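**Q** Supplied in structure tokens, the structure appears directly below.
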Amino acid sequence: STSAMPLNPHPAGHPHRKRSPEPRESTSAMPLTLMELPYPAEALEPHLSAENVTVHHQGHHAAYVTKVNAAVAGTDMAEMSAAEIMMQAEGGLFNSAAQVFNHDFYWQSMSPTGGGEPAGPIADAITASFGSFDAFKTQFSAAAGGHFGSGWAWLVADDAGALSIVSTHDASNPVKEGLGKPILTCDVWEHAFYLTHKNKKADYIQAYFSLVNWEFANANLTA
């Protein structure tokens, strides 16, 4: 159905937005941009090759951004974030928006200076929730390694700060499913690791633990 009324100049959630009197900017039709990597593509070597990271980021991640922008152009969602879109959308648009959110989170879950054992609040929370870091690493590796098909392994926190490990299929994530606040994620879609580790997913998960960004985890836990 079409309406003769003009589009609402103040989309829901953005009462402060005013429509520019001059249509000189087209950015509102492209609300999402591909997140820049927090490090050079080669910085995760040897754990993930520069080619692997570049194809994953510039190929797969970028394609989801493009799909979302094409789908929401000219709609009420055109100025929403990926997180806002994924919470409202279903089907193909949900998949694309959630994958933008998931990949943004994934790149930040790793760091060239990461790895090793955690420190700070996340270390205490892991010990409280799993008994030890080694127990957590074993359980997280089992969840990521045992996930059938495409998906994600997540460390999440509940409202009391207790941690748990959840797996989500395809594009889904704990935010959409109401499973807790994301703290870290590991992408277990095959494209995340195949150019470096081929079919050896266990090697990739071990490599992930050499990169895991505990500073990001602490920021999320205490936010």
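Letters A, B, ... mark the chains of the structure tokens in the order given; residue numbers begin at 1 per chain; ligand numbers begin at 1, in order shown.
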Pick out the residues sitting within 12 Å of A:His147, and hand them over as an MDAnalysis selection string; count only C-alpha atoms, and ignore anything fewer than 6 positions along from it in its own chain.

**A** chainID A and resid 140:141 153:154 166:170 186:190 201:202 205

**Q** What does the structure give for the distance between atom CA of A:His103 and atom CA of A:Ala223, in Å to one decimal?

**A**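 Answer for the atom CA of A:His103 to atom CA of A:Ala223 separation: 19.8 Å.
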
**Q** Tell me, as a ChimeraX atom specification, which residues lie within 10 Å of A:Glu215, counting only C-alpha atoms; anything in the same chain fewer than 2 positions away does not count.

**A** /A:108-111,114,118-122,212-213,217-221

**Q** Using the chain letters and numbers from this document, which residues of stretch 52-106 of chain A does DSSP assign to alpha helix (DSSP H), as a PyMOL selection string?

**A** chain A and resi 52-54+62-72+82-88+91-106

**Q** Write out as a ChimeraX atom specification the residues lying within 6 Å of stretch 74-89 of chain A, counting only C-alpha atoms and excluding same-chain residues fewer than 5 positions away.

**A** /A:28,31,94,97-98,101,176

**Q** Just checking: using only C-alpha atoms, which residue out of A:Val72, A:Leu32, A:Ala43, A:Leu93 ends up closest to A:Ala171?

**A**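 Nearest candidate to A:Ala171 out of A:Val72, A:Leu32, A:Ala43, A:Leu93: A:Leu93.
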
**Q** So which residues touch A:Phe133 within 9 Å, counting only C-alpha atoms, skipping near sequence neighbours fewer than 4 positions away, as an MDAnalysis selection string?

**A** chainID A and resid 117:118 123 126:127 137:138

**Q** To one decimal place, how far is atom CA of A:Gly116 from atom CA of A:Leu195 in Å?

**A**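 Answer for the atom CA of A:Gly116 to atom CA of A:Leu195 separation: 23.9 Å.
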
**Q** Might you pull out every residue within 10 Å of A:Ala62, with only C-alpha atoms counted and same-chain residues fewer than 2 positions away left off, and present them as a JSON list (two decimals) with N, CA, C and O atoms, in the first residue's frame?

**A**
```
[["chain", "number", "residue", "atom", "x", "y", "z"],
["A", 33, "THR", "N", 28.41, 1.09, 7.42],
["A", 33, "THR", "CA", 29.70, 1.05, 6.75],
["A", 33, "THR", "C", 30.48, -0.14, 7.27],
["A", 33, "THR", "O", 30.26, -0.58, 8.41],
["A", 34, "LEU", "N", 31.35, -0.67, 6.45],
["A", 34, "LEU", "CA", 32.18, -1.79, 6.87],
["A", 34, "LEU", "C", 33.14, -1.32, 7.95],
["A", 34, "LEU", "O", 33.91, -0.38, 7.73],
["A", 35, "MET", "N", 33.10, -1.96, 9.10],
["A", 35, "MET", "CA", 34.00, -1.61, 10.19],
["A", 35, "MET", "C", 35.45, -1.82, 9.76],
["A", 35, "MET", "O", 35.79, -2.86, 9.20],
["A", 55, "VAL", "N", 40.11, -11.73, 2.95],
["A", 55, "VAL", "CA", 38.95, -12.32, 2.27],
["A", 55, "VAL", "C", 37.73, -12.32, 3.19],
["A", 55, "VAL", "O", 36.61, -12.00, 2.76],
["A", 56, "HIS", "N", 37.94, -12.64, 4.45],
["A", 56, "HIS", "CA", 36.84, -12.68, 5.41],
["A", 56, "HIS", "C", 36.24, -11.29, 5.61],
["A", 56, "HIS", "O", 35.01, -11.12, 5.60],
["A", 57, "HIS", "N", 37.11, -10.30, 5.76],
["A", 57, "HIS", "CA", 36.66, -8.94, 6.04],
["A", 57, "HIS", "C", 36.15, -8.23, 4.79],
["A", 57, "HIS", "O", 35.02, -7.74, 4.75],
["A", 58, "GLN", "N", 36.98, -8.19, 3.75],
["A", 58, "GLN", "CA", 36.64, -7.44, 2.54],
["A", 58, "GLN", "C", 35.65, -8.19, 1.64],
["A", 58, "GLN", "O", 34.98, -7.58, 0.81],
["A", 59, "GLY", "N", 35.57, -9.50, 1.81],
["A", 59, "GLY", "CA", 34.65, -10.30, 1.03],
["A", 59, "GLY", "C", 33.35, -10.58, 1.76],
["A", 59, "GLY", "O", 32.31, -9.96, 1.51],
["A", 60, "HIS", "N", 33.41, -11.48, 2.74],
["A", 60, "HIS", "CA", 32.20, -11.92, 3.43],
["A", 60, "HIS", "C", 31.55, -10.81, 4.26],
["A", 60, "HIS", "O", 30.36, -10.53, 4.11],
["A", 64, "TYR", "N", 27.77, -8.54, 3.57],
["A", 64, "TYR", "CA", 26.61, -8.40, 4.45],
["A", 64, "TYR", "C", 26.23, -6.93, 4.61],
["A", 64, "TYR", "O", 25.04, -6.59, 4.65],
["A", 65, "VAL", "N", 27.22, -6.06, 4.72],
["A", 65, "VAL", "CA", 26.95, -4.63, 4.82],
["A", 65, "VAL", "C", 26.20, -4.15, 3.58],
["A", 65, "VAL", "O", 25.20, -3.43, 3.66],
["A", 66, "THR", "N", 26.68, -4.57, 2.41],
["A", 66, "THR", "CA", 26.05, -4.18, 1.15],
["A", 66, "THR", "C", 24.61, -4.67, 1.07],
["A", 66, "THR", "O", 23.70, -3.93, 0.64],
["A", 67, "LYS", "N", 24.38, -5.90, 1.51],
["A", 67, "LYS", "CA", 23.03, -6.46, 1.46],
["A", 67, "LYS", "C", 22.07, -5.71, 2.38],
["A", 67, "LYS", "O", 20.92, -5.45, 2.01],
["A", 99, "GLN", "N", 24.80, -10.69, 10.80],
["A", 99, "GLN", "CA", 26.17, -11.02, 10.42],
["A", 99, "GLN", "C", 27.08, -9.79, 10.44],
["A", 99, "GLN", "O", 28.27, -9.91, 10.74],
["A", 100, "VAL", "N", 26.53, -8.61, 10.16],
["A", 100, "VAL", "CA", 27.32, -7.39, 10.34],
["A", 100, "VAL", "C", 27.67, -7.22, 11.82],
["A", 100, "VAL", "O", 28.83, -6.99, 12.18],
["A", 103, "HIS", "N", 30.19, -10.03, 12.97],
["A", 103, "HIS", "CA", 31.56, -9.83, 12.50],
["A", 103, "HIS", "C", 32.22, -8.64, 13.17],
["A", 103, "HIS", "O", 33.42, -8.70, 13.50]]
```
